[in-house]
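Here is the structure we will look at, set down as structure tokens.
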Amino acid sequence: MDPYVYKRILENIRDAIVVNQDGKTKYVNSKMLELLGYSTDTEIIGKGFDLFVHPDDYKRVLANHERRLQGEKLNTVYEFRVVDKNGKTIPVEIRVNVFEWEGRPATLNFLIDITERKNAEAVLQKSEERLHELFRNSSDIISIFDITGNFLYVSPSLKRIAGYLETDLVGKNFTGYIHPADLKSTIKNFSRKARQRNKGLAAEFRFRHADGSWIYLEALGYDCLDNPAINGIIINARDVSGRRRMEEQLLQAQKMEAIGALAGGIAHDFNNLLMGIQGNISLMLLRRDSADPDFRKLKSMESLVQSGADLAAKLLGFARGGQYELKSTDLNELVSKTVNVFGRTKREIMIHQKYGKNVCPVEVDRVQIEQVLINLYVNAWQAMPGGGGDIYVETDNIVLNDADLLPIGIPAGAYVRIMVTDTGMGMDEETRRRIFEPFFTTKEKGRGVGLGLASAYGIIKKHGGIIDVTSEPGHGTIFTIYLPASSKEVLKETIDVKTIIEGNETILLVDDEESIVDVCGEMLGVLGYNVLQAKSGKDALKIYEENKGKIDLVILDMIMPGLSGGETFEMLKLIDPEVKVMLSTGYIISEQAKKMMQRGCRAFIQKPFLMDELSQKIREVFDRNE
């Protein structure tokens, strides 16, 4: 075709065009002149590519040109940069064809200015980098799923939260990682999301951590199925395990508080009944020796009463922790003592002991803490398949602060921690949640009534601490106790010898239960005391006022209708600031009782009590003031 005709045709094409032959420019159209900023083609015709091709791209463009002329099949479209007359760099896309110009091979080059496209790509690239950085540093897990629930993408935070690498999950279905109990509802939520486009997804479920444990995730999702760049459902999942743990602890604490109030009230009334029985048995035994035909029966009845009192004590231990005599104690020594006692009776169990150095003292009732530890050892032993296994007992100092996930009910501060771990069968989630409830047991008949761990819970709580449990079926159980550390010096343990001690002072006995007033009044009389009796707080005030200066001790019930024990005590102090009062109740040392002790009450005795216990408590009050 005549070059003149070519020029007429090429001039009407919207792209910038240049014809190159033998390394020289043979033709440029007006669009090419406009692109490069030249006014006439004479400024370009006869010049090589080096006139307008960017120096860094020149060799590549020239090589492509020559190879095409030699018949090589290369991509006809590629990108490079040109430099206009004023030195401005312009990115272009070129489409190359080989044809004949004036009877010899040449290249016909169509150029398009792609500046806007490159700017858009740069913006997109920056946006993608920003988005990737956002995903990389997100505290949540950001995932993209296809419509069937397969992972397409997972953000790097997956490793920190769930322990997996992205490659561990991509291509796999999410259903393989959901807790069986949550699977049905999670699949339902995801399926609804996939069906109902543009609908939000909100769900909470347990997700399997790489170490096999379960974490709680709260997920929010939205679909981008219509976005070709994503073509999936985006899920933003947040680890809420700490929050769920706190919520469970709060609900558990509230439930245990309610059960405890009920259990405490029952135990209080039960102890009052036992007091009436025990008092009469004690009086009858005083008049009989071992040769009496009824002596053995009475001792048997006393043993049964004591069993009932032990049962009530466990209920009280759960409800409010029972009666305490706090002493600064070396926990290492106390724990070691209980381990040795238990170990001698269960030689099939291997007990491993690890005691922290310089463990802080704790202020505890030693008998109560021993009871807690023995209960934990027995529970661990009974959880062992075939009766054999290992128990690990550890102690150490620990400081819990506001940054820690503090268990509900204890403040930040210094604690001593006791951990009892067993290699037993473990327990499921439902059992773990109920393990501290009174009368809840998984044991067969005859192996316990379900009060051991309940009383342990109440005892530790009353000491200002907390007891926690973690367990999974087949993986044993860990009981963890936190007790507040003390700076007081450790007191050496002493052994009390129980004997009946008589006296001759005057005692005012105050109780609203007629049976208790009668039997306890007779017990005091047998002990040699002059006894005055009152069946209400109002009567007690009247009798004390009438006998002011003659009454040496008031034994005062805590729980009474009308004027309570606390109110009666305060009014007695108004009559006589030096009044000696000993509290007596079938309940426990409550906060009110503690305040009364701090304001001058001399002693506390819990019903049902034996004759020797009563006599010694009374003498302690009198001897303390001699």
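Residue numbers start at 1 in each chain; chains themselves are named A, B, ... in the order of the structure tokens; ligands are numbered from 1 in the order shown.
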
- Would you mind listing what lies within 12 Å of Val526 (chain A) as a PyMOL selection string, with only C-alpha atoms counted and same-chain residues fewer than 5 positions away left out? chain A and resi 279-280+282-287+500-504+519-521+531+611-612+614-615

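Pairwise distance (CA of Arg206 (chain A), CA of Ile178 (chain A)) equals 5.9 Å.
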
- Would you mind writing down, as a PyMOL selection string, each residue of region 268-394 of chain A that DSSP on the backbone assigns to strand (DSSP E or B)? chain A and resi 327-329+349-355+362-364+389-394

Store the residues picked out above, limited to C-alpha atoms, as a PDB file, in the first residue's frame.
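Output file result.pdb follows:
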ATOM      1  CA  LYS A 327      -3.553 -18.324 113.022  1.00  0.00           C
ATOM      2  CA  SER A 328      -0.586 -17.196 110.944  1.00  0.00           C
ATOM      3  CA  THR A 329       0.529 -20.427 109.287  1.00  0.00           C
ATOM      4  CA  ILE A 349      -0.972 -43.310  94.665  1.00  0.00           C
ATOM      5  CA  MET A 350       2.284 -41.566  93.718  1.00  0.00           C
ATOM      6  CA  ILE A 351       2.303 -38.112  95.310  1.00  0.00           C
ATOM      7  CA  HIS A 352       4.743 -35.567  93.892  1.00  0.00           C
ATOM      8  CA  GLN A 353       5.469 -32.540  96.079  1.00  0.00           C
ATOM      9  CA  LYS A 354       6.938 -29.220  94.951  1.00  0.00           C
ATOM     10  CA  TYR A 355       7.039 -26.446  97.545  1.00  0.00           C
ATOM     11  CA  VAL A 362      -1.305 -17.102 105.553  1.00  0.00           C
ATOM     12  CA  GLU A 363      -3.877 -16.479 108.272  1.00  0.00           C
ATOM     13  CA  VAL A 364      -6.047 -19.586 108.304  1.00  0.00           C
ATOM     14  CA  GLY A 389      -2.172 -42.783  89.454  1.00  0.00           C
ATOM     15  CA  ASP A 390      -0.295 -39.595  90.277  1.00  0.00           C
ATOM     16  CA  ILE A 391      -1.138 -36.542  92.364  1.00  0.00           C
ATOM     17  CA  TYR A 392       0.978 -33.396  92.062  1.00  0.00           C
ATOM     18  CA  VAL A 393       0.906 -30.907  94.947  1.00  0.00           C
ATOM     19  CA  GLU A 394       2.582 -27.500  94.488  1.00  0.00           C
TER      20      GLU A 394
END

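Among the candidate residues A:Ile618, A:Val490, A:Ala383, A:Ile459, the one lying nearest to Tyr529 (chain A) is A:Ile618, with distances computed using only C-alpha atoms.
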
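The two atoms in question, CA of Ile142 (chain A) and CA of Ala237 (chain A), are spaced 6.4 Å apart.
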